[in-house]
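**Student:** Next comes the structure file work.cif, holding mmCIF, C-alpha atoms.
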data_final
#
loop_
_atom_site.label_atom_id
_atom_site.label_comp_id
_atom_site.auth_asym_id
_atom_site.auth_seq_id
_atom_site.Cartn_x
_atom_site.Cartn_y
_atom_site.Cartn_z
CA MET R 300 5.26 -24.66 9.90
CA HIS R 301 3.38 -26.64 12.56
CA ALA R 302 0.17 -26.47 10.50
CA THR R 303 2.01 -27.95 7.52
CA GLN R 304 3.55 -30.80 9.51
CA SER R 305 0.20 -31.73 11.06
CA PHE R 306 -1.48 -31.63 7.64
CA LEU R 307 1.20 -33.83 6.06
CA GLU R 308 1.00 -36.35 8.87
CA ARG R 309 -2.80 -36.46 8.79
CA LEU R 310 -2.87 -37.18 5.05
CA ALA R 311 0.37 -39.23 4.89
CA LEU R 312 1.93 -36.84 2.36
CA ARG R 313 5.61 -36.06 1.84
CA HIS R 314 5.03 -32.64 0.30
CA PRO R 315 2.52 -29.84 1.08
CA ILE R 316 1.38 -29.83 -2.53
CA ILE R 317 -2.07 -30.61 -3.94
CA GLN R 318 -2.74 -31.01 -7.65
CA ALA R 319 -6.03 -29.18 -8.21
CA PRO R 320 -8.98 -31.33 -9.35
CA MET R 321 -9.65 -29.47 -12.63
CA ALA R 322 -12.69 -31.31 -14.02
CA GLY R 323 -12.03 -32.13 -17.66
CA VAL R 324 -8.25 -31.66 -17.35
CA SER R 325 -7.11 -33.86 -14.48
CA THR R 326 -6.82 -37.57 -15.30
CA PRO R 327 -6.14 -40.84 -13.47
CA LYS R 328 -2.59 -40.81 -14.87
CA MET R 329 -2.02 -37.31 -13.50
CA ALA R 330 -3.46 -38.05 -10.06
CA ALA R 331 -1.48 -41.29 -9.84
CA ALA R 332 1.79 -39.61 -10.86
CA VAL R 333 1.30 -36.82 -8.32
CA ALA R 334 0.45 -39.29 -5.57
CA GLY R 335 3.45 -41.42 -6.47
CA ALA R 336 5.69 -38.39 -6.00
CA GLY R 337 4.38 -37.80 -2.47
CA ALA R 338 1.79 -35.09 -3.05
CA LEU R 339 -2.02 -35.23 -3.18
CA GLY R 340 -3.45 -36.17 -6.57
CA SER R 341 -6.98 -35.14 -7.41
CA LEU R 342 -9.83 -36.03 -9.75
CA GLY R 343 -12.56 -33.53 -10.61
CA LEU R 344 -15.84 -35.45 -10.60
CA GLY R 345 -18.25 -32.52 -10.53
CA ALA R 346 -19.17 -32.50 -14.22
CA GLY R 347 -19.72 -36.22 -14.69
CA THR R 348 -21.93 -39.13 -13.77
CA ALA R 349 -21.46 -41.68 -11.02
CA ALA R 350 -20.58 -44.35 -13.59
CA HIS R 351 -17.88 -42.13 -15.10
CA ALA R 352 -16.58 -41.32 -11.62
CA ARG R 353 -16.33 -45.02 -10.77
CA ALA R 354 -14.34 -45.69 -13.93
CA LEU R 355 -11.92 -42.83 -13.17
CA ILE R 356 -11.44 -43.98 -9.59
CA GLU R 357 -10.79 -47.58 -10.64
CA GLU R 358 -8.29 -46.47 -13.29
CA THR R 359 -6.45 -44.30 -10.78
CA ARG R 360 -6.34 -47.05 -8.18
CA ALA R 361 -4.93 -49.46 -10.77
CA LEU R 362 -2.04 -47.03 -11.30
CA SER R 363 -1.40 -45.97 -7.69
CA ARG R 364 -2.57 -46.64 -4.16
CA GLY R 365 -1.34 -43.18 -3.17
CA GLN R 366 -3.35 -40.39 -1.63
CA LEU R 367 -6.36 -39.35 -3.72
CA ASN R 368 -8.72 -36.37 -3.50
CA LEU R 369 -12.14 -36.57 -5.15
CA ASN R 370 -13.72 -33.19 -5.83
CA LEU R 371 -17.48 -32.56 -6.04
CA PHE R 372 -19.62 -29.59 -7.11
CA CYS R 373 -22.19 -28.54 -4.51
CA HIS R 374 -23.91 -25.75 -6.44
CA ALA R 375 -27.58 -24.93 -6.20
CA PRO R 376 -29.53 -26.52 -9.07
CA ALA R 377 -30.00 -24.22 -12.05
CA ALA R 378 -32.94 -21.83 -11.78
CA ARG R 379 -34.44 -22.46 -15.21
CA ASP R 380 -35.66 -19.32 -16.96
CA GLY R 381 -36.95 -19.82 -20.49
CA ALA R 382 -36.78 -16.14 -21.42
CA ARG R 383 -33.24 -15.75 -20.11
CA GLU R 384 -32.08 -18.89 -21.91
CA ALA R 385 -33.70 -17.79 -25.17
CA ALA R 386 -32.04 -14.37 -24.90
CA TRP R 387 -28.66 -16.02 -24.33
CA LEU R 388 -29.11 -18.34 -27.30
CA ALA R 389 -30.02 -15.35 -29.46
CA HIS R 390 -26.91 -13.55 -28.24
CA VAL R 391 -24.55 -16.39 -29.14
CA ALA R 392 -26.32 -17.25 -32.41
CA PRO R 393 -23.84 -15.16 -34.47
CA LEU R 394 -21.00 -17.26 -33.02
CA PHE R 395 -22.75 -20.46 -34.13
CA ALA R 396 -23.07 -18.87 -37.57
CA GLU R 397 -19.32 -18.21 -37.57
CA ALA R 398 -18.82 -21.88 -36.76
CA GLY R 399 -21.11 -22.89 -39.64
CA ALA R 400 -23.71 -24.34 -37.29
CA GLN R 401 -27.22 -23.70 -36.08
CA PRO R 402 -27.68 -22.86 -32.39
CA PRO R 403 -29.65 -25.44 -30.43
CA ALA R 404 -33.37 -24.86 -30.03
CA ALA R 405 -33.07 -25.25 -26.25
CA LEU R 406 -30.45 -25.81 -23.58
CA ASP R 407 -30.05 -28.51 -20.94
CA GLU R 408 -28.78 -28.66 -17.39
CA ILE R 409 -25.89 -30.89 -18.45
CA TYR R 410 -24.94 -32.28 -15.03
CA GLN R 411 -26.35 -32.50 -11.54
CA SER R 412 -25.14 -30.92 -8.33
CA PHE R 413 -23.62 -33.44 -5.93
CA ASN R 414 -26.27 -32.33 -3.47
CA GLN R 415 -28.96 -33.90 -5.68
CA ASP R 416 -26.94 -36.91 -6.86
CA GLU R 417 -27.42 -39.93 -4.61
CA ALA R 418 -25.58 -42.27 -6.99
CA MET R 419 -22.49 -40.05 -6.94
CA PHE R 420 -22.60 -39.90 -3.15
CA ARG R 421 -22.72 -43.69 -2.89
CA THR R 422 -19.93 -44.11 -5.43
CA VAL R 423 -17.58 -41.71 -3.68
CA LEU R 424 -18.40 -43.03 -0.22
CA GLU R 425 -17.75 -46.62 -1.31
CA ALA R 426 -14.41 -45.56 -2.82
CA ARG R 427 -13.23 -44.20 0.54
CA PRO R 428 -10.61 -41.85 -0.90
CA SER R 429 -8.09 -40.12 1.33
CA VAL R 430 -9.85 -36.79 0.77
CA VAL R 431 -13.18 -35.53 -0.54
CA SER R 432 -13.37 -31.83 -1.38
CA PHE R 433 -16.36 -29.61 -2.11
CA HIS R 434 -16.65 -26.64 -4.48
CA PHE R 435 -19.44 -24.03 -4.85
CA GLY R 436 -20.84 -24.80 -1.40
CA LEU R 437 -21.39 -27.64 1.01
CA PRO R 438 -23.32 -30.92 1.06
CA SER R 439 -25.70 -31.88 3.83
CA SER R 440 -24.43 -32.47 7.36
CA GLU R 441 -25.47 -36.11 6.95
CA ARG R 442 -23.18 -36.58 3.96
CA ILE R 443 -20.28 -34.82 5.68
CA ALA R 444 -20.75 -37.08 8.71
CA ALA R 445 -20.88 -40.17 6.49
CA PHE R 446 -17.53 -39.29 4.94
CA HIS R 447 -15.99 -38.70 8.36
CA ASP R 448 -17.40 -42.00 9.65
CA ALA R 449 -15.68 -43.69 6.69
CA GLY R 450 -12.35 -42.12 7.64
CA VAL R 451 -12.36 -39.63 4.75
CA PHE R 452 -10.77 -36.20 5.28
CA THR R 453 -12.91 -33.32 4.00
CA MET R 454 -12.03 -29.93 2.51
CA ALA R 455 -14.13 -27.17 0.96
CA THR R 456 -13.40 -24.04 -1.06
CA ALA R 457 -13.89 -20.56 0.36
CA THR R 458 -13.42 -17.25 -1.44
CA ASN R 459 -14.11 -15.10 1.63
CA LEU R 460 -14.31 -15.23 5.42
CA GLN R 461 -18.08 -15.81 5.54
CA GLU R 462 -17.79 -18.96 3.43
CA ALA R 463 -14.85 -20.13 5.52
CA ARG R 464 -16.87 -19.75 8.70
CA ALA R 465 -19.71 -21.76 7.17
CA ILE R 466 -17.21 -24.49 6.25
CA GLU R 467 -15.86 -24.54 9.80
CA ALA R 468 -19.35 -24.59 11.31
CA ALA R 469 -20.29 -27.55 9.09
CA GLY R 470 -17.47 -29.63 10.55
CA VAL R 471 -15.43 -29.83 7.34
CA GLN R 472 -11.78 -30.38 8.24
CA ALA R 473 -9.84 -27.94 6.01
CA ILE R 474 -10.46 -24.83 3.94
CA VAL R 475 -9.19 -24.32 0.40
CA ALA R 476 -8.64 -20.55 0.22
CA GLN R 477 -9.24 -19.68 -3.43
CA GLY R 478 -7.84 -16.30 -4.40
CA PHE R 479 -9.09 -14.23 -7.32
CA GLU R 480 -5.94 -15.17 -9.29
CA ALA R 481 -7.05 -18.78 -9.57
CA GLY R 482 -7.97 -20.37 -12.87
CA GLY R 483 -11.23 -22.20 -13.41
CA HIS R 484 -14.47 -21.66 -11.54
CA ARG R 485 -14.74 -19.37 -8.54
CA GLY R 486 -15.88 -21.44 -5.59
CA MET R 487 -18.37 -18.80 -4.44
CA PHE R 488 -21.33 -20.28 -2.61
CA ASP R 489 -23.61 -17.60 -4.12
CA PRO R 490 -22.48 -16.36 -7.56
CA GLU R 491 -24.90 -13.43 -7.28
CA ALA R 492 -23.23 -12.13 -4.11
CA THR R 493 -20.72 -9.29 -4.18
CA ASP R 494 -17.24 -10.69 -4.71
CA GLU R 495 -14.51 -8.82 -2.84
CA ARG R 496 -12.00 -10.48 -5.22
CA LEU R 497 -9.50 -11.17 -2.45
CA SER R 498 -6.04 -12.23 -3.52
CA THR R 499 -4.76 -15.61 -2.41
CA ALA R 500 -2.25 -14.05 -0.03
CA VAL R 501 -4.80 -11.79 1.65
CA LEU R 502 -7.40 -14.56 1.90
CA VAL R 503 -4.93 -17.08 3.32
CA ARG R 504 -3.75 -14.67 5.98
CA LEU R 505 -7.31 -13.71 6.87
CA LEU R 506 -8.44 -17.31 7.25
CA VAL R 507 -5.35 -18.36 9.20
CA LYS R 508 -6.06 -15.57 11.68
CA GLN R 509 -9.86 -15.91 11.79
CA THR R 510 -10.49 -19.68 11.67
CA ARG R 511 -9.02 -22.71 13.44
CA LEU R 512 -8.88 -25.04 10.44
CA PRO R 513 -5.90 -25.87 8.21
CA VAL R 514 -5.87 -23.54 5.21
CA VAL R 515 -4.82 -24.64 1.72
CA ALA R 516 -3.72 -21.79 -0.54
CA ALA R 517 -5.10 -21.89 -4.10
CA GLY R 518 -4.61 -19.35 -6.87
CA GLY R 519 -1.55 -18.06 -8.67
CA VAL R 520 0.88 -20.55 -7.12
CA MET R 521 3.08 -21.90 -9.91
CA ASP R 522 6.45 -22.86 -8.39
CA GLY R 523 8.14 -23.84 -5.17
CA ALA R 524 8.83 -20.23 -4.23
CA GLY R 525 5.10 -19.58 -4.44
CA VAL R 526 4.35 -22.61 -2.27
CA ARG R 527 6.91 -21.44 0.30
CA ALA R 528 5.39 -17.94 0.34
CA MET R 529 1.97 -19.39 1.14
CA LEU R 530 3.37 -21.60 3.90
CA ASP R 531 5.10 -18.54 5.34
CA LEU R 532 1.67 -16.85 5.48
CA GLY R 533 0.38 -19.76 7.55
CA ALA R 534 -1.09 -22.07 4.91
CA ALA R 535 -0.77 -25.78 5.63
CA ALA R 536 -0.34 -26.60 1.92
CA ALA R 537 -0.79 -25.13 -1.55
CA GLN R 538 -3.05 -26.31 -4.34
CA LEU R 539 -1.80 -25.82 -7.91
CA GLY R 540 -3.91 -26.24 -11.02
CA THR R 541 -2.61 -24.24 -13.98
CA ALA R 542 0.91 -25.45 -13.15
CA PHE R 543 -0.14 -29.00 -14.11
CA ILE R 544 -2.00 -28.28 -17.37
CA LEU R 545 1.06 -28.71 -19.61
CA CYS R 546 1.95 -32.06 -18.04
CA PRO R 547 1.63 -34.86 -20.60
CA GLU R 548 -0.78 -36.66 -18.25
CA SER R 549 -3.37 -33.85 -18.45
CA ALA R 550 -6.36 -34.06 -20.77
CA ALA R 551 -5.75 -30.55 -22.17
CA SER R 552 -6.13 -30.40 -25.95
CA GLY R 553 -3.35 -29.43 -28.33
CA ALA R 554 -4.92 -26.01 -28.87
CA TYR R 555 -5.22 -25.45 -25.10
CA ARG R 556 -1.53 -26.35 -24.64
CA ALA R 557 -0.43 -24.15 -27.55
CA ASN R 558 -2.26 -21.14 -26.13
CA LEU R 559 -0.84 -21.74 -22.67
CA LYS R 560 2.68 -21.70 -24.16
CA SER R 561 1.98 -18.49 -26.12
CA GLU R 562 1.41 -14.83 -25.34
CA ARG R 563 -2.26 -15.66 -24.79
CA ALA R 564 -1.33 -17.04 -21.38
CA CYS R 565 -0.72 -13.43 -20.31
CA ALA R 566 -4.38 -12.51 -20.82
CA THR R 567 -6.88 -14.28 -18.59
CA ARG R 568 -10.37 -13.06 -17.70
CA MET R 569 -12.96 -13.83 -15.06
CA THR R 570 -16.20 -14.45 -16.93
CA ALA R 571 -19.62 -16.05 -16.58
CA ALA R 572 -20.06 -16.10 -20.36
CA ILE R 573 -18.83 -19.65 -20.82
CA SER R 574 -20.57 -21.65 -18.11
CA GLY R 575 -22.96 -19.29 -16.36
CA ARG R 576 -20.75 -18.94 -13.26
CA PRO R 577 -17.64 -16.78 -12.81
CA ALA R 578 -14.53 -18.63 -13.98
CA ARG R 579 -11.06 -17.52 -15.10
CA GLY R 580 -9.74 -18.61 -18.47
CA MET R 581 -7.62 -17.42 -21.36
CA PHE R 582 -9.31 -14.61 -23.25
CA ASN R 583 -11.06 -15.65 -26.48
CA ARG R 584 -13.88 -14.75 -28.85
CA LEU R 585 -16.59 -16.28 -26.68
CA ILE R 586 -15.52 -14.26 -23.64
CA ALA R 587 -15.22 -11.07 -25.70
CA HIS R 588 -18.67 -11.56 -27.22
CA GLY R 589 -20.37 -12.76 -24.05
CA ASP R 590 -19.04 -9.92 -21.92
CA ALA R 591 -19.41 -7.14 -24.51
CA PRO R 592 -21.34 -4.06 -23.30
CA GLY R 593 -25.07 -4.59 -23.61
CA SER R 594 -24.85 -8.38 -23.48
CA PRO R 595 -27.70 -10.16 -21.71
CA PRO R 596 -26.86 -12.21 -18.63
CA ALA R 597 -25.70 -15.71 -19.43
CA ALA R 598 -28.09 -18.58 -18.79
CA ALA R 599 -27.77 -20.16 -15.35
CA TYR R 600 -24.93 -22.55 -14.54
CA PRO R 601 -24.44 -25.14 -15.97
CA VAL R 602 -27.12 -24.46 -18.61
CA ALA R 603 -24.97 -21.82 -20.32
CA TYR R 604 -22.17 -24.39 -20.45
CA ASP R 605 -24.36 -26.49 -22.74
CA ALA R 606 -24.32 -23.67 -25.30
CA ALA R 607 -20.56 -23.17 -24.98
CA LYS R 608 -19.77 -26.86 -25.33
CA GLN R 609 -21.97 -27.22 -28.41
CA LEU R 610 -20.46 -24.09 -29.93
CA HIS R 611 -16.91 -25.30 -29.35
CA ALA R 612 -17.72 -28.76 -30.72
CA ALA R 613 -19.05 -27.24 -33.93
CA ALA R 614 -16.21 -24.76 -34.39
CA SER R 615 -13.41 -27.19 -33.56
CA LYS R 616 -14.39 -29.38 -36.53
CA SER R 617 -12.81 -26.72 -38.73
CA GLY R 618 -9.88 -26.04 -36.41
CA ASN R 619 -11.45 -23.01 -34.70
CA HIS R 620 -10.80 -23.13 -30.94
CA GLU R 621 -11.90 -19.58 -30.14
CA PHE R 622 -14.93 -20.78 -28.20
CA ALA R 623 -13.23 -23.32 -25.91
CA ALA R 624 -13.15 -23.22 -22.13
CA GLN R 625 -9.40 -22.95 -21.61
CA TRP R 626 -9.27 -22.29 -17.89
CA ALA R 627 -6.06 -20.77 -16.53
CA GLY R 628 -4.99 -18.61 -13.61
CA GLN R 629 -3.07 -15.36 -13.63
CA GLY R 630 0.18 -17.27 -13.17
CA ALA R 631 -0.32 -19.04 -16.51
CA PRO R 632 2.83 -17.62 -18.19
CA LEU R 633 4.85 -19.48 -15.55
CA ALA R 634 3.53 -22.92 -16.58
CA ARG R 635 6.20 -25.52 -17.29
CA GLU R 636 6.00 -28.60 -19.49
CA MET R 637 7.10 -31.80 -17.75
CA GLY R 638 5.68 -34.97 -16.26
CA ALA R 639 3.38 -34.52 -13.27
CA GLY R 640 5.63 -36.55 -10.97
CA ALA R 641 8.71 -34.64 -12.12
CA LEU R 642 6.88 -31.36 -11.50
CA VAL R 643 6.05 -32.37 -7.93
CA ARG R 644 9.68 -33.29 -7.30
CA LEU R 645 10.86 -29.98 -8.77
CA LEU R 646 8.35 -28.02 -6.71
CA ALA R 647 9.57 -29.80 -3.58
CA GLU R 648 13.18 -28.93 -4.42
CA GLU R 649 12.28 -25.29 -5.08
CA LEU R 650 10.29 -25.19 -1.86
CA GLN R 651 13.42 -26.05 0.08
CA GLY R 652 15.14 -23.08 -1.55
#
Translate this file's structure into structure tokens.
**Tutor:**
Amino acid sequence: MHATQSFLERLALRHPIIQAPMAGVSTPKMAAAVAGAGALGSLGLGAGTAAHARALIEETRALSRGQLNLNLFCHAPAARDGAREAAWLAHVAPLFAEAGAQPPAALDEIYQSFNQDEAMFRTVLEARPSVVSFHFGLPSSERIAAFHDAGVFTMATATNLQEARAIEAAGVQAIVAQGFEAGGHRGMFDPEATDERLSTAVLVRLLVKQTRLPVVAAGGVMDGAGVRAMLDLGAAAAQLGTAFILCPESAASGAYRANLKSERACATRMTAAISGRPARGMFNRLIAHGDAPGSPPAAAYPVAYDAAKQLHAAASKSGNHEFAAQWAGQGAPLAREMGAGALVRLLAEELQG
């Protein structure tokens, strides 16, 4: 447990627990409650603007001065392909018809990569959070150095050993080992590469043995027993996302919560049909249609997400939530409904056995 103790001391945490960033679900109230309970609270900033990020950070800081992780998306900009986008729009047009709406004439790249967003970089650097974490890849060495110079601890997601070695070579200070069980977007650097689909346990053990950095286990961890299992494999901490979705502080919709408390939580799928990148969520009509045999490839990320968001917005007006992005990991049936701070305290108790 030496890795865990060093990690806790470095980040001034009481518990080796990280609330996953979960863009669109995590909130200032959630991050503040988690931090107040002695774990690491997180905000997912990857799908927003610098101005929105600043507002979220300020709201969180007004609620808690505890440890805060700001998460950023470092994906390659979308490779725009008019023919591919038109084919995808044609493919989802019947779903728009079901929703009583017309599909858009064209799609947009609805948010920037952190690697192209100078305003976001300045906003996050000025905030000087305890931790900055990167998903889908890495920023420039200059930006990593700037965070370190500001006293910010850095982490990045890896789904395999090659990505972990790139993270270590870049000087990032910890690796988030994201197993295939995890909900939300796969952190793959290259979504076109072959995915070995390593489980969290296998990936954690591999990275503990093959790298020198602290490893944070992410994917399928839902309770204190799961956290303890990952620490026993050598992880310094565990990151939990789906476990926090039912907390009242989360931004999950009523339909999202209802599905997570139903039998639908037992059926999750990894799909690119919603956003254009592989991501795990509860199975629905959009996933079934987008991944049906003979379907064209989805538009590039996050261009395809523009179609999904517009489709969901149209359908939800009549109470149809079959086209929503309801991200969840394979451990979803184990989700519990309680306050985020209470959940951290329960996880810590369970961790002690």
**Student:** Counting only C-alpha atoms, which of R:Ala404, R:Leu530, R:Val423, R:Ala468 gets nearest to R:Ala352?
**Tutor:**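 Counting only C-alpha atoms, the residue closest to R:Ala352 is R:Val423.
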**Student:** Identify all residues satisfying the PyMOL selection byres ((chain R and resi 542) around 12) in the given file; provide them as a VMD selection string.
**Tutor:** chain R and resid 316 to 319 321 324 to 325 481 to 482 517 to 523 525 to 526 537 to 541 543 to 546 549 556 559 to 560 564 626 to 639 642 to 643 645 to 646
**Student:** Report the residues retrieved by the PyMOL selection byres ((chain R and resi 379) around 10) from the displayed file, expressed as a VMD selection string.
**Tutor:** chain R and resid 376 to 378 380 to 384 406 to 408 598 to 600 602
**Student:** For the file shown, report as a list in words the outcome of the PyMOL selection byres ((chain R and resi 458) around 9) at residue level.
**Tutor:**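 When the PyMOL selection byres ((chain R and resi 458) around 9) is applied to the shown file, the picked residues are Thr456, Ala457, Asn459, Leu460, Gln461, Glu462, Ala463, Val475, Ala476, Gln477, Gly478, Phe479, Arg485, Gly486, Met487, Phe488, Asp494, Glu495, Arg496, Leu497, Thr499 and Leu502 of chain R.
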**Student:** Here is a test: counting all atoms listed in the file, which residue of R:Leu437, R:Ala534, R:Ala524, R:Val501 is nearest to R:Glu649?
**Tutor:** R:Ala524
**Student:** Please provide as a list of chain:residue names all residues within 7 Å of stretch 346-350 of chain R, with the sequence filter that same-chain residues fewer than 5 positions apart are discarded (counting only C-alpha atoms).
**Tutor:** R:Ala322, R:Tyr410, R:Ala418, R:Met419, R:Thr422
**Student:** Enumerate, in order of chain and increasing residue number, the residues of stretch 365-422 of chain R with an atom no farther than 12 Å from stretch 309-313 of chain R, each with its shortest atom pair and distance in Å to one decimal, counting only C-alpha atoms, as a tab-separated table.
**Tutor:**
residue	atom	partner	partner_atom	distance
R:Gly365	CA	R:Leu312	CA	9.0
R:Gln366	CA	R:Leu310	CA	7.4
R:Leu367	CA	R:Leu310	CA	9.7
R:Asn368	CA	R:Leu310	CA	10.4
**Student:** Limited to C-alpha atoms, could you put the picked residues into a file as a PDB file, in the frame of the given file?
**Tutor:**
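Result file is out.pdb:
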ATOM      1  CA  GLY R 365      -1.340 -43.180  -3.170  1.00  0.00           C
ATOM      2  CA  GLN R 366      -3.350 -40.390  -1.630  1.00  0.00           C
ATOM      3  CA  LEU R 367      -6.360 -39.350  -3.720  1.00  0.00           C
ATOM      4  CA  ASN R 368      -8.720 -36.370  -3.500  1.00  0.00           C
TER       5      ASN R 368
END
**Student:** Could you tell me how far atom CA of R:Arg584 lies from atom CA of R:Ala606, in Å and to one decimal?
**Tutor:** 14.2 Å
